[in-house]
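Novice: Handing over my_file-v3.txt, compact mmCIF, C-alpha atoms.
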```
# COMPACT_ATOMS: atom_id res chain seq x y z
CA MET A 1 61.48 -172.44 84.23
CA THR A 2 64.24 -169.80 84.12
CA SER A 3 65.88 -171.42 81.10
CA ARG A 4 62.53 -171.56 79.33
CA LEU A 5 62.03 -167.86 80.00
CA ARG A 6 65.54 -167.16 78.74
CA SER A 7 64.90 -169.14 75.53
CA LEU A 8 61.65 -167.28 75.06
CA PHE A 9 63.42 -163.96 75.52
CA PHE A 10 66.18 -164.84 73.03
CA GLY A 11 63.63 -166.20 70.58
CA PHE A 12 61.71 -162.95 70.79
CA ALA A 13 64.90 -160.89 70.42
CA LEU A 14 65.96 -162.94 67.36
CA ALA A 15 62.54 -162.61 65.77
CA THR A 16 62.63 -158.84 66.35
CA PHE A 17 66.13 -158.66 64.84
CA LEU A 18 65.14 -160.68 61.77
CA ALA A 19 61.98 -158.65 61.30
CA GLY A 20 64.14 -155.59 60.88
CA CYS A 21 66.13 -157.27 58.11
CA GLY A 22 63.56 -157.51 55.35
CA ALA A 23 60.21 -159.02 54.67
CA ASN A 24 58.25 -161.56 52.70
CA VAL A 25 55.36 -160.00 50.86
CA ARG A 26 52.68 -162.05 49.20
CA LEU A 27 50.40 -160.47 46.63
CA GLU A 28 46.83 -161.65 46.30
CA PRO A 29 45.70 -161.68 42.64
CA PRO A 30 44.47 -158.16 41.85
CA THR A 31 41.10 -157.42 40.31
CA ILE A 32 41.27 -154.77 37.64
CA PRO A 33 38.09 -152.75 37.09
CA GLU A 34 36.16 -153.26 33.86
CA PRO A 35 37.74 -150.76 31.46
CA LEU A 36 35.67 -148.21 29.57
CA ILE A 37 36.58 -149.46 26.10
CA ASN A 38 34.91 -151.13 23.17
CA SER A 39 36.27 -154.65 23.03
CA LEU A 40 37.86 -155.66 19.76
CA PRO A 41 35.72 -158.08 17.70
CA MET A 42 38.32 -160.83 17.60
CA THR A 43 39.03 -164.30 18.88
CA VAL A 44 42.46 -164.53 20.43
CA ALA A 45 44.35 -167.34 22.07
CA VAL A 46 46.59 -166.52 25.02
CA ARG A 47 49.58 -168.61 26.04
CA LEU A 48 50.71 -167.80 29.57
CA PRO A 49 54.18 -168.86 30.67
CA GLU A 50 54.54 -171.28 33.60
CA ASN A 51 56.00 -168.66 35.94
CA PHE A 52 52.82 -166.57 35.69
CA ASP A 53 51.21 -169.02 38.12
CA HIS A 54 53.93 -168.61 40.71
CA TYR A 55 56.31 -165.69 40.32
CA VAL A 56 58.69 -164.94 43.18
CA HIS A 57 61.22 -162.12 43.15
CA GLN A 58 63.93 -161.69 45.77
CA GLU A 59 66.08 -158.64 46.26
CA GLU A 60 68.85 -157.78 48.68
CA VAL A 61 68.80 -154.14 49.64
CA LEU A 62 72.08 -152.39 50.52
CA GLY A 63 73.58 -155.75 51.52
CA ARG A 64 71.43 -155.90 54.67
CA GLU A 65 67.75 -156.31 54.06
CA GLU A 66 66.33 -159.15 52.03
CA TRP A 67 62.92 -158.56 50.53
CA THR A 68 60.92 -161.27 48.82
CA ILE A 69 57.78 -160.56 46.88
CA ASP A 70 55.60 -163.49 45.91
CA LEU A 71 53.24 -162.52 43.11
CA GLY A 72 51.63 -165.96 43.19
CA ALA A 73 49.17 -166.29 40.31
CA SER A 74 48.68 -162.51 40.03
CA ASN A 75 50.10 -162.28 36.52
CA ALA A 76 47.97 -165.14 35.20
CA VAL A 77 44.81 -163.65 36.70
CA PHE A 78 45.71 -160.13 35.58
CA PHE A 79 46.36 -160.97 31.91
CA THR A 80 43.35 -163.27 31.67
CA GLN A 81 41.09 -160.52 33.03
CA LEU A 82 42.63 -157.85 30.85
CA PHE A 83 42.42 -159.75 27.58
CA LYS A 84 38.84 -160.81 28.31
CA TYR A 85 37.95 -157.14 28.55
CA MET A 86 39.94 -156.23 25.43
CA PHE A 87 38.73 -158.93 23.03
CA ASP A 88 35.33 -160.47 22.31
CA GLU A 89 36.58 -164.02 22.75
CA VAL A 90 39.65 -165.25 24.59
CA ILE A 91 40.95 -168.81 24.77
CA VAL A 92 43.56 -169.39 27.46
CA LEU A 93 45.70 -172.25 26.20
CA GLU A 94 46.47 -175.22 28.42
CA PRO A 95 50.17 -176.12 28.67
CA GLY A 96 51.26 -177.93 25.50
CA ALA A 97 48.11 -176.99 23.54
CA ASN A 98 48.66 -176.27 19.84
CA PRO A 99 46.71 -173.26 18.56
CA THR A 100 47.38 -173.88 14.85
CA ASP A 101 44.14 -175.79 14.33
CA MET A 102 42.03 -173.31 16.26
CA ALA A 103 39.86 -170.69 14.62
CA ILE A 104 41.64 -167.69 16.07
CA ASP A 105 42.64 -164.28 14.75
CA ALA A 106 45.80 -164.00 16.84
CA LEU A 107 47.91 -165.65 19.48
CA ILE A 108 49.27 -163.50 22.30
CA GLU A 109 52.20 -164.52 24.48
CA PRO A 110 52.93 -162.23 27.43
CA SER A 111 56.02 -162.76 29.57
CA ILE A 112 58.07 -160.94 32.19
CA ASP A 113 61.40 -159.51 31.06
CA ALA A 114 62.29 -157.86 34.35
CA PHE A 115 60.90 -157.11 37.77
CA GLU A 116 62.46 -154.61 40.17
CA PHE A 117 61.45 -152.74 43.23
CA SER A 118 62.87 -150.19 45.61
CA VAL A 119 62.24 -149.66 49.32
CA PRO A 120 62.51 -146.45 51.37
CA ASN A 121 66.01 -147.33 52.64
CA GLN A 122 67.35 -147.21 49.10
CA THR A 123 65.65 -144.05 47.90
CA LYS A 124 65.70 -142.14 51.21
CA THR A 125 62.02 -141.37 50.72
CA ASP A 126 58.83 -142.79 52.23
CA SER A 127 57.85 -144.62 49.07
CA PHE A 128 57.99 -148.12 47.66
CA ALA A 129 58.23 -148.41 43.88
CA VAL A 130 57.78 -151.37 41.55
CA TRP A 131 58.88 -151.63 37.92
CA ILE A 132 57.68 -154.49 35.76
CA ARG A 133 58.77 -154.93 32.17
CA TYR A 134 56.45 -157.29 30.40
CA ARG A 135 57.04 -158.50 26.86
CA ILE A 136 54.12 -158.99 24.53
CA ARG A 137 54.48 -161.22 21.50
CA VAL A 138 51.64 -161.39 19.00
CA PHE A 139 51.37 -163.96 16.21
CA ASP A 140 48.89 -163.79 13.35
CA ARG A 141 46.63 -166.66 12.33
CA ASP A 142 49.44 -168.15 10.20
CA GLY A 143 51.77 -168.22 13.20
CA ASP A 144 53.97 -165.34 12.01
CA LEU A 145 55.30 -162.99 14.65
CA VAL A 146 53.79 -159.54 14.07
CA LEU A 147 54.62 -157.76 17.32
CA ASP A 148 57.37 -158.22 19.87
CA ALA A 149 57.50 -155.29 22.26
CA PRO A 150 58.21 -154.53 25.90
CA VAL A 151 55.63 -152.86 28.12
CA SER A 152 57.31 -150.91 30.92
CA ALA A 153 55.03 -150.35 33.88
CA TYR A 154 55.60 -148.44 37.11
CA GLY A 155 53.79 -148.19 40.43
CA LYS A 156 54.59 -146.17 43.53
CA SER A 157 53.04 -146.14 46.97
CA LEU A 158 53.89 -144.24 50.14
CA THR A 159 54.48 -146.07 53.40
CA THR A 160 51.33 -145.95 55.49
CA ALA A 161 50.35 -146.85 59.01
CA LEU A 162 49.73 -150.33 57.62
CA GLY A 163 53.48 -150.73 57.12
CA GLY A 164 55.85 -151.50 54.28
CA ASP A 165 54.23 -154.77 53.21
CA ALA A 166 50.97 -153.08 52.33
CA ALA A 167 52.79 -150.27 50.52
CA LEU A 168 54.84 -152.71 48.42
CA GLN A 169 51.72 -154.72 47.56
CA ARG A 170 49.95 -151.52 46.56
CA ALA A 171 52.90 -150.44 44.39
CA ALA A 172 52.85 -153.84 42.60
CA VAL A 173 49.11 -153.58 41.94
CA LEU A 174 49.57 -150.03 40.64
CA ALA A 175 52.31 -151.24 38.30
CA MET A 176 49.96 -153.90 36.91
CA ARG A 177 47.21 -151.34 36.44
CA ASP A 178 49.75 -149.11 34.69
CA ALA A 179 50.62 -151.98 32.33
CA ALA A 180 46.92 -152.53 31.63
CA ALA A 181 46.37 -148.83 30.90
CA LEU A 182 49.36 -148.76 28.58
CA MET A 183 48.29 -151.85 26.64
CA ILE A 184 44.70 -150.68 26.26
CA MET A 185 45.83 -147.25 25.07
CA LYS A 186 48.49 -148.38 22.67
CA PHE A 187 46.87 -151.51 21.25
CA ASP A 188 43.90 -149.38 20.42
CA GLU A 189 46.03 -146.77 18.69
CA GLN A 190 48.17 -149.21 16.76
CA THR A 191 45.22 -150.73 14.87
CA LEU A 192 47.41 -153.82 14.68
CA PHE A 193 44.62 -155.98 16.00
CA THR A 194 42.12 -154.55 13.53
CA SER A 195 44.38 -155.75 10.74
CA LEU A 196 44.68 -159.19 12.32
CA ALA A 197 40.89 -159.50 12.41
CA ASP A 198 40.67 -158.26 8.83
CA PRO A 199 43.90 -158.91 6.88
CA SER A 200 42.80 -156.51 4.13
CA VAL A 201 43.56 -153.61 6.50
CA GLN A 202 47.14 -152.44 6.02
CA VAL A 203 49.10 -151.53 9.12
CA PRO A 204 52.37 -149.61 9.30
CA SER A 205 55.38 -151.84 9.87
CA LEU A 206 55.17 -153.30 13.35
CA ALA A 207 56.55 -156.65 12.30
CA THR A 208 59.66 -157.50 14.17
CA GLY A 209 62.65 -159.73 14.03
CA SER A 210 65.56 -157.36 13.91
CA ASP A 211 66.71 -155.25 16.86
CA GLU A 212 65.92 -152.11 14.94
CA GLU A 213 62.33 -153.16 14.36
CA ALA A 214 61.97 -154.27 17.97
CA ALA A 215 63.10 -150.82 19.05
CA VAL A 216 60.38 -149.28 16.88
CA SER A 217 57.78 -151.51 18.51
CA ALA A 218 59.21 -150.78 21.95
CA THR A 219 58.83 -147.07 21.47
CA ALA A 220 55.32 -147.63 20.24
CA LEU A 221 54.36 -149.28 23.53
CA GLY A 222 55.99 -146.69 25.74
CA GLY A 223 58.96 -148.77 26.83
CA LYS A 224 62.42 -149.55 25.60
CA ASP A 225 64.95 -152.29 25.87
CA GLU A 226 67.95 -151.48 28.01
CA MET B 1 51.03 -131.29 97.92
CA SER B 2 48.07 -129.71 96.22
CA ASP B 3 50.20 -126.64 95.34
CA ALA B 4 52.75 -128.85 93.68
CA LEU B 5 50.04 -130.62 91.71
CA LEU B 6 48.58 -127.30 90.66
CA ARG B 7 51.97 -126.12 89.44
CA VAL B 8 52.52 -129.30 87.42
CA GLY B 9 49.02 -128.95 85.96
CA ALA B 10 49.63 -125.35 84.99
CA ALA B 11 52.97 -126.23 83.41
CA ILE B 12 51.38 -129.02 81.35
CA ALA B 13 48.55 -126.70 80.27
CA ALA B 14 51.07 -124.07 79.17
CA LEU B 15 53.05 -126.65 77.20
CA VAL B 16 49.91 -127.96 75.50
CA MET B 17 48.98 -124.42 74.51
CA LEU B 18 52.45 -123.95 73.03
CA SER B 19 52.05 -127.08 70.90
CA GLY B 20 49.56 -125.37 68.56
CA CYS B 21 52.14 -123.07 66.92
CA VAL B 22 51.56 -123.29 63.19
CA THR B 23 51.83 -120.40 60.75
CA SER B 24 49.69 -120.40 57.64
CA ARG B 25 48.97 -118.72 54.32
CA VAL B 26 46.02 -119.71 52.12
CA GLU B 27 45.37 -118.01 48.78
CA ASN B 28 43.16 -118.59 45.83
CA SER B 29 43.22 -117.54 42.21
CA ARG B 30 39.93 -117.59 40.34
CA GLU B 31 39.67 -118.03 36.58
CA GLY B 32 35.92 -118.38 36.23
CA LEU B 33 32.60 -118.44 38.03
CA THR B 34 31.86 -121.43 40.22
CA GLY B 35 28.88 -122.72 42.17
CA ILE B 36 27.48 -126.15 42.81
CA GLY B 37 23.94 -127.43 42.39
CA GLU B 38 21.79 -130.05 44.07
CA GLY B 39 23.08 -133.54 43.29
CA GLU B 40 26.41 -132.28 41.98
CA SER B 41 29.61 -133.57 43.52
CA VAL B 42 33.37 -133.11 43.61
CA VAL B 43 36.21 -135.59 43.46
CA ILE B 44 39.67 -135.12 44.96
CA MET B 45 42.59 -136.50 42.99
CA ALA B 46 46.36 -136.44 43.45
CA LYS B 47 48.40 -135.23 40.51
CA SER B 48 50.28 -138.11 38.92
CA TYR B 49 53.44 -139.47 40.50
CA HIS B 50 54.71 -139.76 36.94
CA LEU B 51 54.98 -135.96 37.19
CA GLY B 52 56.96 -136.18 40.43
CA ASN B 53 54.05 -135.50 42.77
CA GLU B 54 54.18 -136.98 46.29
CA THR B 55 50.81 -136.04 47.80
CA GLU B 56 50.06 -138.40 50.66
CA ALA B 57 47.00 -140.69 50.48
CA LYS B 58 46.03 -139.70 54.02
CA TYR B 59 46.03 -136.02 53.03
CA ILE B 60 43.63 -136.75 50.18
CA SER B 61 41.34 -138.67 52.56
CA CYS B 62 41.56 -135.79 55.03
CA ILE B 63 40.48 -133.25 52.39
CA GLU B 64 37.66 -135.57 51.26
CA ASN B 65 36.38 -135.86 54.84
CA ALA B 66 36.79 -132.16 55.61
CA LEU B 67 34.95 -131.07 52.45
CA GLY B 68 32.06 -133.42 53.07
CA ARG B 69 31.66 -132.66 56.78
CA GLY B 70 28.92 -130.51 58.30
CA SER B 71 25.64 -129.07 57.13
CA SER B 72 27.41 -127.03 54.42
CA GLY B 73 29.48 -130.03 53.35
CA LEU B 74 29.87 -130.82 49.65
CA ARG B 75 29.01 -134.17 48.13
CA VAL B 76 32.38 -135.87 47.68
CA ILE B 77 32.91 -138.96 45.53
CA PRO B 78 35.74 -141.11 46.96
CA HIS B 79 38.66 -140.86 44.55
CA LYS B 80 39.20 -144.63 44.42
CA GLN B 81 35.58 -145.18 43.38
CA PHE B 82 35.93 -142.48 40.71
CA VAL B 83 39.22 -143.83 39.33
CA ASP B 84 37.92 -147.41 39.22
CA SER B 85 34.68 -146.39 37.53
CA LEU B 86 36.64 -144.63 34.77
CA PHE B 87 39.42 -147.20 34.40
CA PRO B 88 41.89 -146.80 32.71
CA TRP B 89 41.47 -143.10 31.92
CA PHE B 90 42.39 -141.64 35.33
CA GLU B 91 45.41 -143.84 36.06
CA PRO B 92 48.64 -141.93 36.86
CA ARG B 93 49.84 -142.48 33.27
CA THR B 94 46.62 -141.70 31.42
CA ALA B 95 44.91 -138.96 33.45
CA PRO B 96 44.74 -135.65 31.57
CA ALA B 97 47.45 -133.25 32.72
CA GLU B 98 45.68 -130.17 31.35
CA THR B 99 42.06 -129.14 30.80
CA LYS B 100 42.54 -129.24 27.04
CA GLY B 101 42.74 -133.04 27.33
CA LEU B 102 39.21 -133.16 28.75
CA THR B 103 37.42 -132.84 25.42
CA LYS B 104 39.13 -135.91 23.98
CA LEU B 105 38.59 -137.79 27.24
CA MET B 106 34.84 -137.09 27.21
CA GLU B 107 34.61 -138.53 23.71
CA ARG B 108 35.88 -141.93 24.85
CA PRO B 109 33.18 -144.58 25.14
CA GLY B 110 31.28 -144.43 28.42
CA VAL B 111 33.36 -141.69 30.05
CA ALA B 112 30.82 -138.84 29.90
CA ASP B 113 28.04 -141.21 31.07
CA LYS B 114 30.04 -142.41 34.10
CA ILE B 115 30.86 -138.84 35.10
CA ARG B 116 27.21 -137.80 34.70
CA GLU B 117 25.99 -140.85 36.68
CA GLN B 118 28.12 -139.78 39.65
CA GLY B 119 27.16 -136.13 39.29
CA VAL B 120 30.79 -135.03 39.25
CA ARG B 121 30.94 -131.29 38.57
CA TYR B 122 34.48 -130.52 39.76
CA ILE B 123 37.74 -132.45 39.78
CA ILE B 124 40.18 -131.04 42.33
CA TRP B 125 43.80 -131.99 41.63
CA LEU B 126 46.11 -131.86 44.62
CA ASP B 127 49.81 -131.25 44.28
CA GLY B 128 52.37 -130.96 47.08
CA ASP B 129 53.35 -132.66 50.30
CA THR B 130 54.45 -132.22 53.89
CA GLU B 131 58.14 -132.50 54.62
CA LYS B 132 60.59 -131.91 57.40
CA VAL B 133 62.69 -128.90 56.45
CA ALA B 134 64.77 -128.36 59.59
CA GLY B 135 65.52 -129.89 62.94
CA GLY B 136 68.02 -129.96 65.74
CA GLY B 137 68.77 -130.52 69.41
CA SER B 138 69.84 -133.61 71.21
CA LEU B 139 67.93 -136.16 73.21
CA SER B 140 69.21 -139.32 74.85
CA CYS B 141 67.42 -142.05 76.72
CA ALA B 142 68.79 -144.78 78.96
CA ALA B 143 67.31 -147.69 80.84
CA GLY B 144 68.70 -149.84 83.64
CA PRO B 145 67.54 -152.31 86.26
CA GLY B 146 66.37 -149.45 88.47
CA GLY B 147 64.37 -147.69 85.74
CA GLY B 148 65.00 -145.40 82.83
CA GLY B 149 64.58 -141.91 81.55
CA CYS B 150 65.40 -139.35 78.88
CA PHE B 151 67.21 -136.05 78.96
CA GLY B 152 67.62 -133.34 76.37
CA PHE B 153 65.72 -131.26 73.89
CA ALA B 154 64.88 -131.81 70.22
CA TRP B 155 62.93 -129.78 67.71
CA TRP B 156 61.93 -130.04 64.08
CA GLN B 157 60.03 -127.97 61.55
CA ASN B 158 57.53 -129.34 59.03
CA ASP B 159 56.31 -127.44 55.98
CA ALA B 160 53.06 -128.42 54.32
CA ASP B 161 52.74 -126.84 50.88
CA TYR B 162 49.76 -127.87 48.78
CA ASP B 163 48.08 -126.54 45.65
CA ALA B 164 44.58 -127.50 44.57
CA PHE B 165 43.62 -127.00 40.93
CA VAL B 166 39.88 -126.94 40.32
CA TRP B 167 38.56 -128.19 36.97
CA ASP B 168 34.97 -127.54 36.06
CA LEU B 169 33.61 -130.48 34.08
CA GLN B 170 30.55 -128.50 32.98
CA GLY B 171 32.56 -126.09 30.86
CA LEU B 172 35.60 -128.41 30.56
CA GLU B 173 37.79 -125.60 31.80
CA SER B 174 39.87 -124.56 34.78
CA ALA B 175 37.96 -122.67 37.49
CA GLY B 176 41.11 -121.63 39.33
CA SER B 177 43.35 -122.80 42.14
CA VAL B 178 43.79 -122.63 45.89
CA SER B 179 47.16 -122.87 47.60
CA ALA B 180 48.01 -123.53 51.24
CA ASP B 181 51.42 -123.03 52.82
CA PHE B 182 51.63 -124.09 56.46
CA SER B 183 54.70 -124.28 58.64
CA GLY B 184 54.87 -125.76 62.13
CA THR B 185 57.64 -126.38 64.63
CA SER B 186 57.46 -129.27 67.10
CA PHE B 187 59.42 -129.55 70.34
CA LEU B 188 60.41 -132.51 72.45
CA PRO B 189 61.84 -131.50 75.83
CA ALA B 190 62.76 -134.37 78.15
CA LEU B 191 63.56 -134.31 81.82
CA VAL B 192 63.21 -138.00 82.71
CA VAL B 193 59.88 -138.10 80.85
CA PRO B 194 59.77 -136.72 77.27
CA ILE B 195 56.93 -134.25 76.68
CA PRO B 196 56.08 -134.09 72.98
CA LEU B 197 54.71 -130.75 71.78
CA ILE B 198 53.71 -131.68 68.29
CA ALA B 199 52.65 -129.09 65.74
CA ARG B 200 49.96 -130.75 63.62
CA THR B 201 51.07 -129.00 60.45
CA GLN B 202 49.50 -131.37 57.94
CA ALA B 203 46.17 -131.50 59.78
CA ALA B 204 46.12 -127.69 59.91
CA ALA B 205 46.93 -127.53 56.18
CA CYS B 206 44.11 -129.97 55.50
CA LYS B 207 41.54 -127.92 57.38
CA GLY B 208 42.79 -124.63 55.93
CA LEU B 209 42.76 -125.84 52.34
CA ALA B 210 39.40 -127.62 52.68
CA ASP B 211 37.71 -124.52 54.16
CA GLN B 212 39.06 -122.34 51.39
CA LEU B 213 38.15 -124.86 48.69
CA ARG B 214 34.58 -125.10 49.96
CA ALA B 215 34.26 -121.30 49.91
CA PHE B 216 35.85 -121.17 46.45
CA ILE B 217 33.43 -123.68 44.96
CA VAL B 218 30.25 -122.50 46.64
CA SER B 219 30.91 -118.79 46.10
CA ASP B 220 30.40 -117.29 42.67
CA GLU B 221 32.24 -114.06 43.41
CA LEU B 222 35.21 -113.16 41.29
CA THR B 223 38.08 -112.51 43.69
```
If you took the structure in this file and wrote it as structure tokens, what would it be?
Specialist:
Amino acid sequence: MTSRLRSLFFGFALATFLAGCGANVRLEPPTIPEPLINSLPMTVAVRLPENFDHYVHQEEVLGREEWTIDLGASNAVFFTQLFKYMFDEVIVLEPGANPTDMAIDALIEPSIDAFEFSVPNQTKTDSFAVWIRYRIRVFDRDGDLVLDAPVSAYGKSLTTALGGDAALQRAAVLAMRDAAALMIMKFDEQTLFTSLADPSVQVPSLATGSDEEAAVSATALGGKDE
Amino acid sequence: MSDALLRVGAAIAALVMLSGCVTSRVENSREGLTGIGEGESVVIMAKSYHLGNETEAKYISCIENALGRGSSGLRVIPHKQFVDSLFPWFEPRTAPAETKGLTKLMERPGVADKIREQGVRYIIWLDGDTEKVAGGGSLSCAAGPGGGGCFGFAWWQNDADYDAFVWDLQGLESAGSVSADFSGTSFLPALVVPIPLIARTQAAACKGLADQLRAFIVSDELT
């Protein structure tokens, strides 16, 4: 009985010690509100990368804490929702599907370039922050790349009585909302998509390929390659 | 025995009375006439963290509750509901930083209708935070098989500085601002048992700012 109590005590002490050394945070897919925009009269196909269904990021903080954030299918859900609000018709491609025979105006390929976060220990503040750099590639109906630009999003949330997990989740959701706001604002301004729906509309050079052109596109979407 | 109890009771009462030591200054600056009609509401927002603002979510909730409380309470739209209903135009990145951005915002599809539906007359932007600015003393605690206890004295000072900028959505202009500077010092003496004498600086700043904001909005006097 005594040895069982001792094991229980040491188990509890170990669990308490480990709990102080980081955390595993799982993000439930966020729901973004319906944006107040006029959707673009286009049919687009969206190809989501495999890791959008299960994205896990791990970070060691100051050599002591290990934080893991599991975004699960959040990115897949987020981009599907967003594009359905932005365009009249959206086809989410199955893995291996070939869009060349489809009657679409554009193909969009989002991906994640980088994901980072900071915890209060690092910044000596009470806040958690999340940075996500997405990359958006857009192809026209002939399959030519017309846009290749990063979208740099940021979310910050203060630690609350609910603890660090909730604050980190909140910061990640805010970063995704920030990305959505940026894409809605800039895609609208670029008129790139208008030209894809109607090729007779001329658009200033957003085509990419060279680093210089990519930098131009990057600036246009509020982010930059580092 | 009863004398000793009485003395302990009196000491505790004195310490509790000491715990309320918070100094305050609340000021307002009016730029135009205000007033609020039947069915009109206000919304409390934090200035964007993209601009370096750190206003705590619980402070915003506190102001929302304090403004809406009582028979003279204002109709307050929860900020999350407001931000979601106008997505993405009040996100930290996209929200207008100045009143001159309001005209363009109102021209966006659906924005003016959503604001009208909710009866929002004023947007109140909060800027500022509560932070520990000083502290000192020493306190140590120990525990052993026979029991435990603490000995020492610690203190710390919190400053709560907040500004509230009031935008009138009827005229699409600034109505003015209210600022609240509160400072409170907390003490923690310990003689076996620690006795926390906490100055509720942020709560006091919440009540002070909310009272002044309510008076600012309801009154139409130029001050």
Novice: What does the structure give for the distance between CA of Phe165 (chain B) and CA of Phe87 (chain B), in Å to one decimal?
Specialist: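 It comes out at 21.6 Å.
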Novice: Which neighbours of region 52-56 of chain A fall inside 8 Å, counting only C-alpha atoms, when residues of the same chain fewer than 6 positions from it are skipped, and could you give them as a list in words?
Specialist: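 Counting only the stated atoms, we get Thr68, Ile69, Asp70, Leu71, Gly72, Ala73, Ser74, Asn75, Ala76 and Ser111 of chain A.
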Novice: Excluding Val76 (chain B) and residues on its chain fewer than 6 positions from it, collect all residues at most 7 Å away from it, counting all atoms listed in the file, and give them as a ChimeraX atom specification.
Specialist: /B:41-43,64,68
Novice: Applying 6 Å and all atoms listed in the file, which residues near Ser177 (chain B) remain after dropping the ones on its own chain fewer than 4 positions away? List them as an MDAnalysis selection string.
Specialist: chainID B and resid 28:29 164:166
Novice: Starting from chain A, keep only residues with some atom at most 12 Å from an atom of chain B, counting only C-alpha atoms, and report them as a count of residues only.
Specialist: 46
Novice: Please measure the separation of CA of Leu197 (chain B) and CA of Thr185 (chain B), giving the value in Å to one decimal.
Specialist: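 Distance between the two atoms: 8.9 Å.
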Novice: Using only C-alpha atoms, which of the listed residues (B:Leu74, B:Ala215, B:Ala154, B:Leu67) sits closest to Leu188 (chain B)?
Specialist: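 That would be B:Ala154, the residue with the smallest distance to Leu188 (chain B).
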Novice: Record the distance separating CA of Ile195 (chain B) and CA of Asp3 (chain B), expressed in Å with one decimal.
Specialist: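 Atom-to-atom, CA of Ile195 (chain B) to CA of Asp3 (chain B), that is 21.2 Å.
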Novice: Identify which of the residues A:Val77, A:Leu93, A:Leu168, A:Leu48 lies closest to Glu109 (chain A), counting only C-alpha atoms when measuring atom-to-atom distances.
Specialist: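 Checking each of A:Val77, A:Leu93, A:Leu168, A:Leu48 against Glu109 (chain A), counting only C-alpha atoms, the winner is A:Leu48.
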